[in-house]
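Trainee: Following this message is one structure expressed as structure tokens.
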Amino acid sequence: MKHLTKTGFKPLLRHSAGVAAGLVVAAVLVGGAAPAAVGQPTKGKTTGKIEEAEIEIVKERVNQLPEATRNFDKIKLPAPPKIERKVTYTFPDFRLPTDRLSPSVKVLTIRAEEPAPLTGNFVKAALGNFGTFYGRGYFHSTRTTDRAYGIDLKHTASVNGPVDGKNSGVAQTSAHLMGELYSGTAAFGANLDLGRERYNFYGYEKAANRPELPPTPQPKDIKQVFNRFGVKAYAHNRAPDQVLQYEAGLGYRYWGDDFAARENNVLLNAKVAYALGETSRVTAAADASFISDKDQAAATLARPNPAEVTRTRTFVQVTPAYEFVNKQIAFSVGATLGYSSDTATNVSKAVVYPAVRLGYTVEPEKFAVYAGLGGSLQRVTRYDLSTENPWLNRGLNVADTHRGPTIYGGFTSTPARGLELNARVTYARDRNLYFYLNNAIDPTKFDLVYDQNATGVLNIHGELLYNADEKFRLGTRLDYNKYALKTLPEAFHRPEFQGSVFGTYNVFDKLMLGVEGYFYAASYGISYLPTATAGSARTADFYRATDPIVDLNLRADYRITPKISIFAMGNNLANREYQRFYGYPVQGINVLGGATYTF
């Protein structure tokens, strides 16, 4: 920042009126020429003619100019306070929704022309091709300092889909209720989640193409239904100026499907941090999950009536650490201790991984680098798997992933105003890393398969975000994953490259435009030879690569009045019926139009 410097002008003298008229005229003439003469070398006399003019002299007026100040000292502005940003680093899989009509394609909200009271309520509805209906109701309390509560209702359904009309229809319904109470820096709350989803196993080969195949099934014969229920109570105190910070939660989740499989999950989590001083603290994070699981394998010729299987799955993990942070250096030293009772592969149930991270700030708020060693157990549940792939088979062998040890390094950067750039490279040794493989008896359903040895996973991750004063935003996220397998021939249904781009543009106060694009590299499934006997295992033909995913989505929101707006969404505008999972093409171009009412 440039500082102000002392001026080169001399102070002005205080003048007064009340002298003779001739002297006043002379003073006016001299004063009019003075600005051009200041700081200039003396030149020869110049002559000129004064034209006739009437001069009115008001003796009562006092022309008074303030005394100028000498600014010999530079003005020093205090530096803006540094904001400590704590960045957490996780390694989740970046997943594309299984269908593009999902409300995960967000409807944008328009920035208000001026701050308005928070009403906290809106309803919206839209209709589209494929017999699609989208509805949402959001009802929330107004701004208060002692409590917050609300409910969020969503429903999306398509009567028809890309294969045989109603045979590939889909419906998703959910409700989320929340409530919080605030007391000082502490908060106490609870959540309640309900959900129901209907899918169909439409990944069959069409009988019109293969006369030897059975006739086209009816929707009721290939349906799959998921029912979900979750409740959680929690408390936290995460004020940065508190010596003791804590967070604790207790929850329960239920999941069931149309195959009569059931999953009951009791969850506990806790985090605590105690400050030893201004630059250091000790922390501990703990998670636990206790699952009661019931399932039944699919019937085969050898086992026409398979027995029901019930098992329990225990997961416990805790990470104590010491953290130190100053102006340039931040490091943490700890260890992760975990236990998982799953035995999908020959892997130890108990694990110990290092939890070490070192960060160095090269330029405050501009550029920082970091590196570390880590590892952890990752809980895997039917509840989560079915949100990623709804066409799962019976009798799944679900197991927690052992990720580690891992080594990683990267940087965070803000090279210019509104521009953020992050990059990270991670190498991990994973055990019990699941892959989706279509079943040999019924290829429309997917099993979980594992490499019997550790899988080396190299991940190169990059993010870029540009934000121009909330009017224009553009970002991208890229992930490259290389899997080093031992016993599996391919990384089934895990593409090597995944990329996305997103942007919004506030054309003017009433119109907002948005774009989303996805690109996935091809992934692999198995193509099987047909069989003449129903219920018998098929012979694998070859490993079939799916087409790369190219998905373009556009959306717009126009506010007619402060309470009423209309919106439109166009999904999969490239009109590519790509297959995220082998045998399951998605809808082509899907266009929805609707309205929103805020109250």
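Numbering starts fresh at 1 for the residues of each chain in the structure tokens, the chains themselves are lettered A, B, ... in the order given, and ligands are numbered from 1 as they appear.
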For stretch 191-295 of chain A versus stretch 177-185 of chain A, which residues have an atom no more than 6 Å away, and what is each residue's nearest atom pair and distance in Å rounded to one decimal, using only C-alpha atoms, chain-then-number order, as CSV?
Mentor:
residue,atom,partner,partner_atom,distance
A:Asn191,CA,A:Met178,CA,4.5
A:Leu192,CA,A:Leu177,CA,5.0
A:Asn237,CA,A:Thr185,CA,5.7
Trainee: Running DSSP on the backbone, which parts of stretch 346-378 of chain A land in strand (DSSP E), as an MDAnalysis selection string?
Mentor: chainID A and resid 350:363 367:378
Trainee: Keeping C-alpha atoms for every residue in the selection just given, could you write it to a file as a PDB file, in the first residue's frame?
Mentor:
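Everything below was put into part04.pdb:
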ATOM      1  CA  ALA A 350      -6.770 -53.425  15.221  1.00  0.00           C
ATOM      2  CA  VAL A 351      -4.690 -50.695  13.594  1.00  0.00           C
ATOM      3  CA  VAL A 352      -2.310 -47.941  14.652  1.00  0.00           C
ATOM      4  CA  TYR A 353      -1.440 -45.150  12.214  1.00  0.00           C
ATOM      5  CA  PRO A 354       0.651 -42.004  12.613  1.00  0.00           C
ATOM      6  CA  ALA A 355      -1.126 -38.623  12.613  1.00  0.00           C
ATOM      7  CA  VAL A 356       1.608 -36.121  11.778  1.00  0.00           C
ATOM      8  CA  ARG A 357       1.184 -32.928   9.804  1.00  0.00           C
ATOM      9  CA  LEU A 358       3.555 -30.013   9.167  1.00  0.00           C
ATOM     10  CA  GLY A 359       2.475 -26.760   7.560  1.00  0.00           C
ATOM     11  CA  TYR A 360       4.548 -23.729   6.625  1.00  0.00           C
ATOM     12  CA  THR A 361       3.168 -20.338   5.618  1.00  0.00           C
ATOM     13  CA  VAL A 362       5.436 -18.890   2.923  1.00  0.00           C
ATOM     14  CA  GLU A 363       3.393 -15.681   2.661  1.00  0.00           C
ATOM     15  CA  PHE A 367       0.716 -19.235  -0.014  1.00  0.00           C
ATOM     16  CA  ALA A 368       1.183 -22.163   2.364  1.00  0.00           C
ATOM     17  CA  VAL A 369       2.540 -25.676   1.946  1.00  0.00           C
ATOM     18  CA  TYR A 370       1.932 -28.786   4.029  1.00  0.00           C
ATOM     19  CA  ALA A 371       2.838 -32.449   4.235  1.00  0.00           C
ATOM     20  CA  GLY A 372       2.043 -35.312   6.531  1.00  0.00           C
ATOM     21  CA  LEU A 373       1.717 -38.973   7.420  1.00  0.00           C
ATOM     22  CA  GLY A 374      -1.617 -40.470   8.345  1.00  0.00           C
ATOM     23  CA  GLY A 375      -4.143 -43.240   8.068  1.00  0.00           C
ATOM     24  CA  SER A 376      -7.541 -44.166   9.416  1.00  0.00           C
ATOM     25  CA  LEU A 377     -10.404 -46.603   9.309  1.00  0.00           C
ATOM     26  CA  GLN A 378     -13.327 -45.536   7.131  1.00  0.00           C
TER      27      GLN A 378
END
Trainee: Find the residue from A:Gly594, A:Arg494, A:Leu529, A:Tyr199 that sits nearest to A:Asp221; use only C-alpha atoms when measuring.
Mentor: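 Ranking A:Gly594, A:Arg494, A:Leu529, A:Tyr199 by distance to A:Asp221, first place goes to A:Tyr199.
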Trainee: At a cut-off of 12 Å, using only C-alpha atoms, what residues contact A:Phe472? Leave out same-chain residues fewer than 3 positions from it and give the result as an mmCIF file with all heavy atoms, in the first residue's frame.
Mentor:
data_model
loop_
_atom_site.group_PDB
_atom_site.id
_atom_site.type_symbol
_atom_site.label_atom_id
_atom_site.label_comp_id
_atom_site.auth_asym_id
_atom_site.auth_seq_id
_atom_site.Cartn_x
_atom_site.Cartn_y
_atom_site.Cartn_z
ATOM 1 N N GLY A 418 -9.821 -12.788 -4.862
ATOM 2 C CA GLY A 418 -10.920 -13.594 -5.358
ATOM 3 C C GLY A 418 -10.524 -14.915 -5.976
ATOM 4 O O GLY A 418 -11.392 -15.671 -6.411
ATOM 5 N N LEU A 419 -9.233 -15.238 -6.029
ATOM 6 C CA LEU A 419 -8.762 -16.461 -6.662
ATOM 7 C C LEU A 419 -8.148 -17.387 -5.616
ATOM 8 O O LEU A 419 -7.277 -16.977 -4.856
ATOM 9 C CB LEU A 419 -7.733 -16.138 -7.747
ATOM 10 C CG LEU A 419 -7.147 -17.330 -8.518
ATOM 11 C CD1 LEU A 419 -8.242 -18.053 -9.288
ATOM 12 C CD2 LEU A 419 -6.038 -16.876 -9.452
ATOM 13 N N LEU A 465 -10.930 -21.869 -7.635
ATOM 14 C CA LEU A 465 -12.157 -21.109 -7.452
ATOM 15 C C LEU A 465 -11.870 -19.635 -7.654
ATOM 16 O O LEU A 465 -10.929 -19.089 -7.069
ATOM 17 C CB LEU A 465 -12.736 -21.330 -6.049
ATOM 18 C CG LEU A 465 -13.985 -20.503 -5.702
ATOM 19 C CD1 LEU A 465 -15.147 -20.892 -6.614
ATOM 20 C CD2 LEU A 465 -14.369 -20.701 -4.240
ATOM 21 N N TYR A 466 -12.680 -19.007 -8.507
ATOM 22 C CA TYR A 466 -12.589 -17.555 -8.723
ATOM 23 C C TYR A 466 -13.924 -16.929 -8.363
ATOM 24 O O TYR A 466 -14.979 -17.377 -8.822
ATOM 25 C CB TYR A 466 -12.239 -17.236 -10.177
ATOM 26 C CG TYR A 466 -12.205 -15.753 -10.461
ATOM 27 C CD1 TYR A 466 -11.182 -14.959 -9.952
ATOM 28 C CD2 TYR A 466 -13.208 -15.152 -11.212
ATOM 29 C CE1 TYR A 466 -11.157 -13.593 -10.198
ATOM 30 C CE2 TYR A 466 -13.182 -13.793 -11.466
ATOM 31 C CZ TYR A 466 -12.158 -13.016 -10.950
ATOM 32 O OH TYR A 466 -12.137 -11.670 -11.176
ATOM 33 N N ASN A 467 -13.876 -15.891 -7.542
ATOM 34 C CA ASN A 467 -15.080 -15.226 -7.064
ATOM 35 C C ASN A 467 -14.902 -13.727 -7.261
ATOM 36 O O ASN A 467 -14.057 -13.104 -6.612
ATOM 37 C CB ASN A 467 -15.316 -15.549 -5.589
ATOM 38 C CG ASN A 467 -16.632 -14.985 -5.082
ATOM 39 O OD1 ASN A 467 -17.355 -14.310 -5.817
ATOM 40 N ND2 ASN A 467 -16.946 -15.260 -3.838
ATOM 41 N N ALA A 468 -15.672 -13.137 -8.168
ATOM 42 C CA ALA A 468 -15.562 -11.713 -8.481
ATOM 43 C C ALA A 468 -16.698 -10.964 -7.799
ATOM 44 O O ALA A 468 -17.768 -10.755 -8.387
ATOM 45 C CB ALA A 468 -15.588 -11.486 -9.981
ATOM 46 N N ASP A 469 -16.468 -10.578 -6.543
ATOM 47 C CA ASP A 469 -17.396 -9.724 -5.801
ATOM 48 C C ASP A 469 -18.821 -10.271 -5.802
ATOM 49 O O ASP A 469 -19.799 -9.537 -5.973
ATOM 50 C CB ASP A 469 -17.398 -8.310 -6.384
ATOM 51 C CG ASP A 469 -16.035 -7.647 -6.254
ATOM 52 O OD1 ASP A 469 -15.346 -7.926 -5.256
ATOM 53 O OD2 ASP A 469 -15.662 -6.865 -7.147
ATOM 54 N N GLY A 475 -15.473 -22.259 -10.818
ATOM 55 C CA GLY A 475 -14.596 -23.187 -10.111
ATOM 56 C C GLY A 475 -14.491 -24.512 -10.825
ATOM 57 O O GLY A 475 -15.304 -24.854 -11.685
ATOM 58 N N PHE A 502 -18.045 -25.659 -12.344
ATOM 59 C CA PHE A 502 -19.301 -25.027 -11.937
ATOM 60 C C PHE A 502 -19.109 -23.513 -11.969
ATOM 61 O O PHE A 502 -18.007 -22.998 -11.782
ATOM 62 C CB PHE A 502 -19.708 -25.475 -10.532
ATOM 63 C CG PHE A 502 -18.634 -25.285 -9.499
ATOM 64 C CD1 PHE A 502 -18.524 -24.106 -8.774
ATOM 65 C CD2 PHE A 502 -17.698 -26.286 -9.258
ATOM 66 C CE1 PHE A 502 -17.520 -23.939 -7.834
ATOM 67 C CE2 PHE A 502 -16.696 -26.120 -8.321
ATOM 68 C CZ PHE A 502 -16.605 -24.942 -7.606
ATOM 69 N N GLY A 503 -20.195 -22.824 -12.209
ATOM 70 C CA GLY A 503 -20.114 -21.375 -12.263
ATOM 71 C C GLY A 503 -21.477 -20.744 -12.092
ATOM 72 O O GLY A 503 -22.513 -21.351 -12.392
ATOM 73 N N THR A 504 -21.496 -19.515 -11.587
ATOM 74 C CA THR A 504 -22.720 -18.734 -11.466
ATOM 75 C C THR A 504 -22.427 -17.318 -11.916
ATOM 76 O O THR A 504 -21.307 -16.814 -11.754
ATOM 77 C CB THR A 504 -23.249 -18.707 -10.018
ATOM 78 O OG1 THR A 504 -22.238 -18.146 -9.162
ATOM 79 C CG2 THR A 504 -23.596 -20.100 -9.531
ATOM 80 N N TYR A 505 -23.443 -16.682 -12.495
ATOM 81 C CA TYR A 505 -23.287 -15.309 -12.963
ATOM 82 C C TYR A 505 -24.558 -14.550 -12.623
ATOM 83 O O TYR A 505 -25.652 -14.924 -13.070
ATOM 84 C CB TYR A 505 -23.034 -15.266 -14.465
ATOM 85 C CG TYR A 505 -22.908 -13.871 -15.017
ATOM 86 C CD1 TYR A 505 -21.966 -12.979 -14.508
ATOM 87 C CD2 TYR A 505 -23.736 -13.431 -16.049
ATOM 88 C CE1 TYR A 505 -21.846 -11.700 -15.017
ATOM 89 C CE2 TYR A 505 -23.613 -12.153 -16.565
ATOM 90 C CZ TYR A 505 -22.670 -11.291 -16.038
ATOM 91 O OH TYR A 505 -22.558 -10.023 -16.531
ATOM 92 N N ASN A 506 -24.413 -13.496 -11.830
ATOM 93 C CA ASN A 506 -25.537 -12.650 -11.462
ATOM 94 C C ASN A 506 -25.672 -11.571 -12.542
ATOM 95 O O ASN A 506 -25.014 -10.531 -12.483
ATOM 96 C CB ASN A 506 -25.286 -12.032 -10.084
ATOM 97 C CG ASN A 506 -26.530 -11.370 -9.518
ATOM 98 O OD1 ASN A 506 -27.562 -11.303 -10.179
ATOM 99 N ND2 ASN A 506 -26.428 -10.882 -8.313
ATOM 100 N N VAL A 507 -26.497 -11.825 -13.542
ATOM 101 C CA VAL A 507 -26.627 -10.920 -14.674
ATOM 102 C C VAL A 507 -27.074 -9.543 -14.202
ATOM 103 O O VAL A 507 -26.511 -8.523 -14.559
ATOM 104 C CB VAL A 507 -27.603 -11.487 -15.712
ATOM 105 C CG1 VAL A 507 -27.700 -10.569 -16.921
ATOM 106 C CG2 VAL A 507 -27.169 -12.883 -16.142
ATOM 107 N N PHE A 508 -28.110 -9.519 -13.398
ATOM 108 C CA PHE A 508 -28.524 -8.331 -12.667
ATOM 109 C C PHE A 508 -29.278 -8.822 -11.454
ATOM 110 O O PHE A 508 -29.378 -10.024 -11.221
ATOM 111 C CB PHE A 508 -29.350 -7.361 -13.531
ATOM 112 C CG PHE A 508 -30.496 -8.006 -14.270
ATOM 113 C CD1 PHE A 508 -31.742 -8.136 -13.686
ATOM 114 C CD2 PHE A 508 -30.311 -8.486 -15.559
ATOM 115 C CE1 PHE A 508 -32.787 -8.723 -14.369
ATOM 116 C CE2 PHE A 508 -31.349 -9.069 -16.255
ATOM 117 C CZ PHE A 508 -32.601 -9.195 -15.657
ATOM 118 N N MET A 512 -30.209 -14.786 -12.144
ATOM 119 C CA MET A 512 -29.001 -15.534 -11.849
ATOM 120 C C MET A 512 -28.916 -16.723 -12.793
ATOM 121 O O MET A 512 -29.899 -17.445 -13.000
ATOM 122 C CB MET A 512 -29.005 -16.034 -10.402
ATOM 123 C CG MET A 512 -27.807 -16.876 -10.033
ATOM 124 S SD MET A 512 -26.357 -15.887 -9.679
ATOM 125 C CE MET A 512 -26.685 -15.483 -7.961
ATOM 126 N N LEU A 513 -27.732 -16.938 -13.380
ATOM 127 C CA LEU A 513 -27.486 -18.066 -14.264
ATOM 128 C C LEU A 513 -26.431 -18.975 -13.643
ATOM 129 O O LEU A 513 -25.550 -18.509 -12.925
ATOM 130 C CB LEU A 513 -27.003 -17.584 -15.633
ATOM 131 C CG LEU A 513 -27.922 -16.624 -16.392
ATOM 132 C CD1 LEU A 513 -27.271 -16.213 -17.702
ATOM 133 C CD2 LEU A 513 -29.281 -17.265 -16.663
ATOM 134 N N GLY A 514 -26.514 -20.255 -13.938
ATOM 135 C CA GLY A 514 -25.548 -21.203 -13.391
ATOM 136 C C GLY A 514 -25.254 -22.316 -14.372
ATOM 137 O O GLY A 514 -26.055 -22.622 -15.261
ATOM 138 N N VAL A 515 -24.080 -22.914 -14.228
ATOM 139 C CA VAL A 515 -23.666 -24.020 -15.080
ATOM 140 C C VAL A 515 -22.937 -25.047 -14.231
ATOM 141 O O VAL A 515 -22.235 -24.698 -13.272
ATOM 142 C CB VAL A 515 -22.757 -23.511 -16.229
ATOM 143 C CG1 VAL A 515 -21.488 -22.875 -15.689
ATOM 144 C CG2 VAL A 515 -22.392 -24.661 -17.179
#
Trainee: Which is closer to A:Ile566 than all the others in A:Arg431, A:Ala545, A:Val123, A:Lys294, using only C-alpha atoms?
Mentor: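 That would be A:Val123, the residue with the smallest distance to A:Ile566.
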